[in-house]
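Accompanying notes for the structure given below.
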Amino acid sequence: MSVRLPPSTATRTTTTQAAAATATVTAPPAGLRKGDSGPKVKQLQDALVKLGYLTKAQVNTGPGTFGAQTEAAVKKFQGDKKLPTTGYYGEQTQAALKKALGGTPTTPTTPTKPGAKPPVISAPSPNSDSRKGADIDTIVMHHTASNDGKADLSWMRNPNSGVSAHYMVDRDGKIYQLVGDDKRAWHAGKSELHGVPTDVNARSIGIEIVNDGSGKTPFTEAQYKALTELTSHLKEKYDVPMKNIVGHADVAVPKGRKNDPAPNFDWARLRKGIS
């Protein structure tokens, strides 16, 4: 004997079943990395399961925990989407994930490949060490405290100075690379990021701009052009959030210890050029 449900009950049952069948999996906000945990990580894992980059069994071993398996899945997804395989779930990866899930990318105009790296002159410095596994998520701008690029370069390459940066932008716009991106350059000293004490050197790219830092010496057109090209490349390659493109003055501890890149540095111009 069959039981006929009242029309209203049947409608509710069908609607509930349809809703369950079409439950959407969405991309979480950007900014997740290995070691994080919580509902946003679980949301990321659910999305990776839906796309076939993780299995439910793998997620069940650490739901809501961004561990090695989740990092490997993120890297595989990034590789398939021709993104830098950093394992860091940043803005570009979020946009690609959202698109893969059937949504619209948060930033449709963001290129899927890093912009070309501008020409650099190799000038290796011995003043560096290991990042010890830290991901790059910050770019720090400095002034060299002089207007003599040749002397500044020599000082940062001197093993007795104990200082270095990844790049130096000279007055004529030439870009020198002193330390490879994969290494930890010695440029930030005791520091914090957004008020949280951290090893900024381990997670950042340091850029020295040849300028005395007095606030009276203008930065040159050639420097702004070179800096925009270099920063754009680094921002895209390492998925650096705009808020993490900072001056030494923003991260140095105690506050007021540094004024880099200088009071007259045109941040608005740089940010407009790389946005």
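For the structure tokens, the naming scheme is as follows: chains receive sequential letters (A, B, ...) according to their order of presentation, residues are indexed from 1 within each chain, and ligands are indexed from 1 in presentation order.
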
DSSP-assigned strand (DSSP E) among stretch 14-228 of chain A, expressed as an MDAnalysis selection string = chainID A and resid 121:122 128:130 138:143 167:169 175:177 183:185 192:193 196:197 204:209

If we count only C-alpha atoms, what is near stretch 40-49 of chain A at a cut-off of 12 Å, once residues fewer than 3 positions away on the same chain are taken out, given as a ChimeraX atom specification?
-> /A:23-37,52-67,69-78,88-90,93-94,96-102

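Proximity of A:Leu83, A:Gly189, A:Leu51, A:Gln177 to A:Arg257, computed with only C-alpha atoms, is greatest for A:Gly189.
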
Polymer residues at most 7 Å from stretch 236-245 of chain A, only C-alpha atoms, same-chain spacing of 4 or more positions, as a PyMOL selection string | chain A and resi 84+90-92+114-115+136-140+232

Kindly assemble as CSV a list of the stretch 163-255 of chain A residues that lie within 12 Å of stretch 261-264 of chain A, each paired with its nearest atom pair and their distance in Å to one decimal, using only C-alpha atoms, sorted first by chain and then by ascending residue number.
residue,atom,partner,partner_atom,distance
A:Gly206,CA,A:Pro261,CA,11.4
A:Ile207,CA,A:Pro261,CA,9.6
A:Glu208,CA,A:Pro261,CA,8.3
A:Ile209,CA,A:Pro261,CA,7.5
A:Val210,CA,A:Pro261,CA,9.6
A:Asn211,CA,A:Pro261,CA,8.3
A:Asp212,CA,A:Ala262,CA,8.4
A:Gly213,CA,A:Ala262,CA,4.8
A:Ser214,CA,A:Ala262,CA,6.7
A:Gly215,CA,A:Asn264,CA,4.9
A:Lys216,CA,A:Asn264,CA,7.2
A:Thr217,CA,A:Asn264,CA,8.1
A:Pro218,CA,A:Asn264,CA,7.2
A:Phe219,CA,A:Asn264,CA,8.2
A:Thr220,CA,A:Asn264,CA,11.6
A:Ile245,CA,A:Pro261,CA,11.8
A:Val246,CA,A:Pro261,CA,9.0
A:Gly247,CA,A:Pro261,CA,5.7
A:His248,CA,A:Pro261,CA,6.7
A:Ala249,CA,A:Pro261,CA,7.4
A:Asp250,CA,A:Pro261,CA,9.8
A:Val251,CA,A:Pro261,CA,11.7
A:Ala252,CA,A:Pro261,CA,11.9

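A straight line drawn from atom CA of A:Gly87 to atom CA of A:Arg203 is 14.2 Å long.
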
Enumerate the residues of stretch 54-251 of chain A with a DSSP assignment of alpha helix (DSSP H), computed from the backbone, and present them as a count of residues only.
-> 62
